[in-house]
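Have a look at the structure below, then the notes.
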Amino acid sequence: MNPDPASTNAASSSTGAGSNGAAPQSNRNRTKKEAVTAQSGRSGGPSRPRYTYDAGEVLGNGSFGVVSEARCLETGETVAIKKVLQDPRYKNRELDIMKMLRHPNVVELKDYFYTEKPGGEKGESEKFLNVVMEFIPDTVYRVMKTFVRNSQHMPMILTKLYTYQMCRALGYLHTIGVCHRDIKPQNLLVDTKTHTLKICDFGSAKKLIPGEQSVAYICSRYYRAPELMLGATEYTTAIDIWSIGCVMGELMLGRPLFAGETSVDQLVKIIQTMGTPSRDQMQAMNPNYTEFRFPDVKPRPWNRIFHPGVTPDALDLLSKLLRYEPQERVKPYEALAHHFFDELRDVNTRLPGGGTLPPLFDVTEAEMQQIPPPMREKVIPSWYSQMHPTGPTGTSG
Ligand SMILES: Nc1ncnc2c1ncn2[C@@H]1O[C@H](COP(=O)(O)OP(=O)(O)OP(=O)(O)O)[C@@H](O)[C@H]1O
Ligand SMILES: [Mg+2]
């Protein structure tokens, strides 16, 4: 092990803030208020400066850890801290992956430190990893719920913005071999001022190595790709593409597209909409399961499933994301060129409240290389290249 010198100094304390009305009212499902002060060093070298965090309200109480809002006393910046139990025998894969990542649509790791809960009389002490991230106030799940509560469909421009940014983030992750494996509305952070989206929760993420096996029991059920339900263990990053297809469908529907009650029922729900997979499609999902028998169901046309405001170009993209054959699903960087996103490339497009769109075209040279050459001019609008003549698009033409 390589103990973090800052972590040994970490101190924690509870304020014991009252639960009856002490916490400010908000639309979040905040359960309790806990204050933790800890000293740490930001990642990046032995001489890194120490920072102190004053933890506030709990933002999420997930299956793996507790996420709290916190304030960095030295910089005054608001951060989110995810605290997870750390088995001292293993490295934390979530942290290792987050350290590698840097993209405008992926939540930024700012720092990390360790804290310890002393053991009781016979119990051993427990070690916790605290992952410090930029704080993004909302999630796609909460934004969607607000529209549903008001009996409204989400404006199509938001569906475009969220789907586009999910594709861009996945394009980046998949290029470096990282499969997220838990894409769902709760793991998509949103800054509702600009509708910038950032993928979070790398607790299930893994760098997939071709030929190496991975567990099939992964990803939240509604967003789980059919090959996982069929027990495939040599799946690819295409499982994430299926998930974003499910999220896109949910954004337009206002409820999960395929809401299975069990893993088997999940497959049934998919078949009820997309029809029974052919033998070839079964073979593509899991070569060992071609003898599986399903009742013969015809596919339902996508336009019967959504409200009339859902345009044919939206359904065209959706059908390219939700293909049974994993290798046939559209690649994220190719999806960016789809005409469904043309409105985002129009210089006059504004957010529903009149604000400007978040940055969508600030691609790095590395990202540009991944976009198939014929699609590059389509993905980056000419007005943007003219405004940024030194960027990867400006220099290429
Ligand atoms: N950087 C952040 N800024 C603001 N809120 C965040 C941030 N990261 C996470 N959250 C909130 O905390 C919730 C839980 O975080 P995360 O998904 O990383 O934890 P988890 O324990 O893996 O959760 P689950 O098991 O439920 O997926 C998120 O759904 C989101 O609401
Ligand atoms: Mg999560």
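Scheme for the structure tokens: letters A, B, ... for chains in order shown; per-chain residue numbers from 1; ligand numbers from 1 in order shown.
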Within 7 Å of ligand 1, counting only C-alpha atoms and all ligand atoms, residues as a PyMOL selection string: chain A and resi 59-67+69+79-80+82+107+133-139+186-187+189+200-203
Could you give me, as a PyMOL selection string, the residues within 9 Å of region 362-374 of chain A, counting only C-alpha atoms and dropping anything in the same chain fewer than 2 positions from it? chain A and resi 104+168+171-172+175+333-334+336-337+359-360+376-380+391-393
Set the distance at 12 Å and use only C-alpha atoms: which residues neighbour Leu95 (chain A) once local chain neighbours fewer than 3 positions away are removed? I'd like the list as a PyMOL selection string. chain A and resi 43+82-84+86+90-92+98-101+108-114+129-133+200-206
Tell me, as number ranges by chain, which residues lie within 10 Å of Leu321 (chain A), counting only C-alpha atoms; anything in the same chain fewer than 5 positions away does not count. A: 238, 240-246, 248, 315-316, 326, 328-332, 335
In Å, how far is it from CA of Leu251 (chain A) to CA of Met274 (chain A)?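 Separating CA of Leu251 (chain A) from CA of Met274 (chain A) is a distance of 18.4 Å.
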Could you tell me, as a ChimeraX atom specification, which residues of region 43-236 of chain A DSSP assigns to helix (DSSP H, G or I) when given the backbone? /A:93-100,140-149,156-175,185-187,221-223,226-229
Among the residues A:Arg323, A:His339, A:Arg300, A:Arg93, the one that comes closest to Pro277 (chain A) [using only C-alpha atoms]: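 Between A:Arg323, A:His339, A:Arg300, A:Arg93, the residue approaching Pro277 (chain A) most closely is A:Arg323.
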Closest atom pairs, region 166-243 of chain A residues within 12 Å of region 149-162 of chain A, only C-alpha atoms, as CSV:
residue,atom,partner,partner_atom,distance
A:Met166,CA,A:Tyr162,CA,6.1
A:Cys167,CA,A:Tyr162,CA,8.6
A:Arg168,CA,A:Tyr162,CA,9.9
A:Ala169,CA,A:Tyr162,CA,10.5
A:Pro185,CA,A:Tyr162,CA,10.2
A:Leu188,CA,A:Tyr162,CA,8.9
A:Leu189,CA,A:Tyr162,CA,10.1
A:Val190,CA,A:Tyr162,CA,8.8
A:Asp191,CA,A:Tyr162,CA,11.1
A:Thr192,CA,A:Leu158,CA,10.2
A:Thr194,CA,A:Leu161,CA,10.1
A:His195,CA,A:Leu161,CA,7.4
A:Thr196,CA,A:Tyr162,CA,7.9
A:Leu197,CA,A:Tyr162,CA,6.3
A:Lys198,CA,A:Tyr162,CA,9.3
A:Ile199,CA,A:Tyr162,CA,10.5
Keeping only N, CA and C atoms, write the selected residues as a PDB file, in the first residue's frame.
ATOM      1  N   MET A 166     -24.045  12.962 -23.839  1.00  0.00           N
ATOM      2  CA  MET A 166     -23.786  11.566 -23.443  1.00  0.00           C
ATOM      3  C   MET A 166     -22.928  10.887 -24.512  1.00  0.00           C
ATOM      4  N   CYS A 167     -23.255  11.134 -25.787  1.00  0.00           N
ATOM      5  CA  CYS A 167     -22.486  10.514 -26.887  1.00  0.00           C
ATOM      6  C   CYS A 167     -21.045  10.998 -26.854  1.00  0.00           C
ATOM      7  N   ARG A 168     -20.874  12.292 -26.601  1.00  0.00           N
ATOM      8  CA  ARG A 168     -19.514  12.831 -26.598  1.00  0.00           C
ATOM      9  C   ARG A 168     -18.703  12.224 -25.448  1.00  0.00           C
ATOM     10  N   ALA A 169     -19.331  12.123 -24.281  1.00  0.00           N
ATOM     11  CA  ALA A 169     -18.631  11.542 -23.123  1.00  0.00           C
ATOM     12  C   ALA A 169     -18.278  10.076 -23.388  1.00  0.00           C
ATOM     13  N   PRO A 185     -30.178   7.738 -15.663  1.00  0.00           N
ATOM     14  CA  PRO A 185     -30.421   9.167 -15.420  1.00  0.00           C
ATOM     15  C   PRO A 185     -29.843   9.686 -14.099  1.00  0.00           C
ATOM     16  N   LEU A 188     -26.147  10.895 -14.353  1.00  0.00           N
ATOM     17  CA  LEU A 188     -25.864  11.946 -15.329  1.00  0.00           C
ATOM     18  C   LEU A 188     -26.124  13.283 -14.646  1.00  0.00           C
ATOM     19  N   LEU A 189     -25.055  13.956 -14.272  1.00  0.00           N
ATOM     20  CA  LEU A 189     -25.191  15.227 -13.564  1.00  0.00           C
ATOM     21  C   LEU A 189     -25.499  16.336 -14.568  1.00  0.00           C
ATOM     22  N   VAL A 190     -26.302  17.313 -14.133  1.00  0.00           N
ATOM     23  CA  VAL A 190     -26.664  18.421 -15.027  1.00  0.00           C
ATOM     24  C   VAL A 190     -26.564  19.738 -14.280  1.00  0.00           C
ATOM     25  N   ASP A 191     -25.928  20.702 -14.924  1.00  0.00           N
ATOM     26  CA  ASP A 191     -25.971  22.072 -14.442  1.00  0.00           C
ATOM     27  C   ASP A 191     -27.108  22.741 -15.227  1.00  0.00           C
ATOM     28  N   THR A 192     -28.228  22.970 -14.556  1.00  0.00           N
ATOM     29  CA  THR A 192     -29.421  23.412 -15.293  1.00  0.00           C
ATOM     30  C   THR A 192     -29.335  24.869 -15.777  1.00  0.00           C
ATOM     31  N   THR A 194     -26.907  25.958 -17.732  1.00  0.00           N
ATOM     32  CA  THR A 194     -26.443  25.845 -19.123  1.00  0.00           C
ATOM     33  C   THR A 194     -26.866  24.527 -19.770  1.00  0.00           C
ATOM     34  N   HIS A 195     -27.386  23.621 -18.948  1.00  0.00           N
ATOM     35  CA  HIS A 195     -27.701  22.247 -19.373  1.00  0.00           C
ATOM     36  C   HIS A 195     -26.464  21.490 -19.830  1.00  0.00           C
ATOM     37  N   THR A 196     -25.347  21.806 -19.181  1.00  0.00           N
ATOM     38  CA  THR A 196     -24.138  21.004 -19.363  1.00  0.00           C
ATOM     39  C   THR A 196     -24.356  19.684 -18.634  1.00  0.00           C
ATOM     40  N   LEU A 197     -24.033  18.582 -19.303  1.00  0.00           N
ATOM     41  CA  LEU A 197     -24.188  17.250 -18.700  1.00  0.00           C
ATOM     42  C   LEU A 197     -22.816  16.644 -18.434  1.00  0.00           C
ATOM     43  N   LYS A 198     -22.688  15.983 -17.285  1.00  0.00           N
ATOM     44  CA  LYS A 198     -21.431  15.284 -16.961  1.00  0.00           C
ATOM     45  C   LYS A 198     -21.757  13.906 -16.399  1.00  0.00           C
ATOM     46  N   ILE A 199     -21.115  12.904 -16.945  1.00  0.00           N
ATOM     47  CA  ILE A 199     -21.293  11.536 -16.445  1.00  0.00           C
ATOM     48  C   ILE A 199     -20.568  11.394 -15.110  1.00  0.00           C
TER      49      ILE A 199
END
Atom pair CA of Phe258 (chain A) / CA of Tyr222 (chain A): separation (Å): 5.7 Å
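Between CA of Ala284 (chain A) and CA of Tyr324 (chain A) the interatomic distance comes to 7.9 Å.
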Please, which residues of region 96-340 of chain A, numbered as in this document, come out strand (DSSP E) from DSSP, as a PyMOL selection string? chain A and resi 109-117+126-134+138-139+178-179+188-191+196-199+206-207
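Closest to ligand 2 among A:Asp342, A:Asp87, A:Glu94, A:Glu325 is A:Glu94, based on only C-alpha atoms and all ligand atoms.
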Give me the residues near Thr237 (chain A) as JSON, numbers by chain, where near means some atom within 8 Å (using only C-alpha atoms) and where sequence neighbours in that chain fewer than 5 positions away do not count. {"A": [174, 177, 178, 179, 180, 208]}
Extract, using only C-alpha atoms, all DNA, RNA and protein residues at most 12 Å from Pro256 (chain A), discarding same-chain residues fewer than 2 positions from it, and format them as a ChimeraX atom specification. /A:141,144-145,148,184-185,220-224,243-254,258-261,266,269-270,305-306
Counting only C-alpha atoms, what is within 10 Å of Trp383 (chain A), bar same-chain residues fewer than 6 positions away, as a list in words? Arg345, Asp346 and Val347 of chain A
For the selection you just gave me, I'd like the residues written to a file as a PDB file, in the first residue's frame, keeping C-alpha atoms.
ATOM      1  CA  ARG A 345     -25.236  23.292 -34.651  1.00  0.00           C
ATOM      2  CA  ASP A 346     -27.464  26.207 -35.652  1.00  0.00           C
ATOM      3  CA  VAL A 347     -25.869  29.412 -34.401  1.00  0.00           C
TER       4      VAL A 347
END
My list of candidates is A:Gly355, A:Pro210, A:Pro312, A:Gly275. Which is closest to Pro299 (chain A) when distances are computed with only C-alpha atoms?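 Between A:Gly355, A:Pro210, A:Pro312, A:Gly275, the residue approaching Pro299 (chain A) most closely is A:Gly275.
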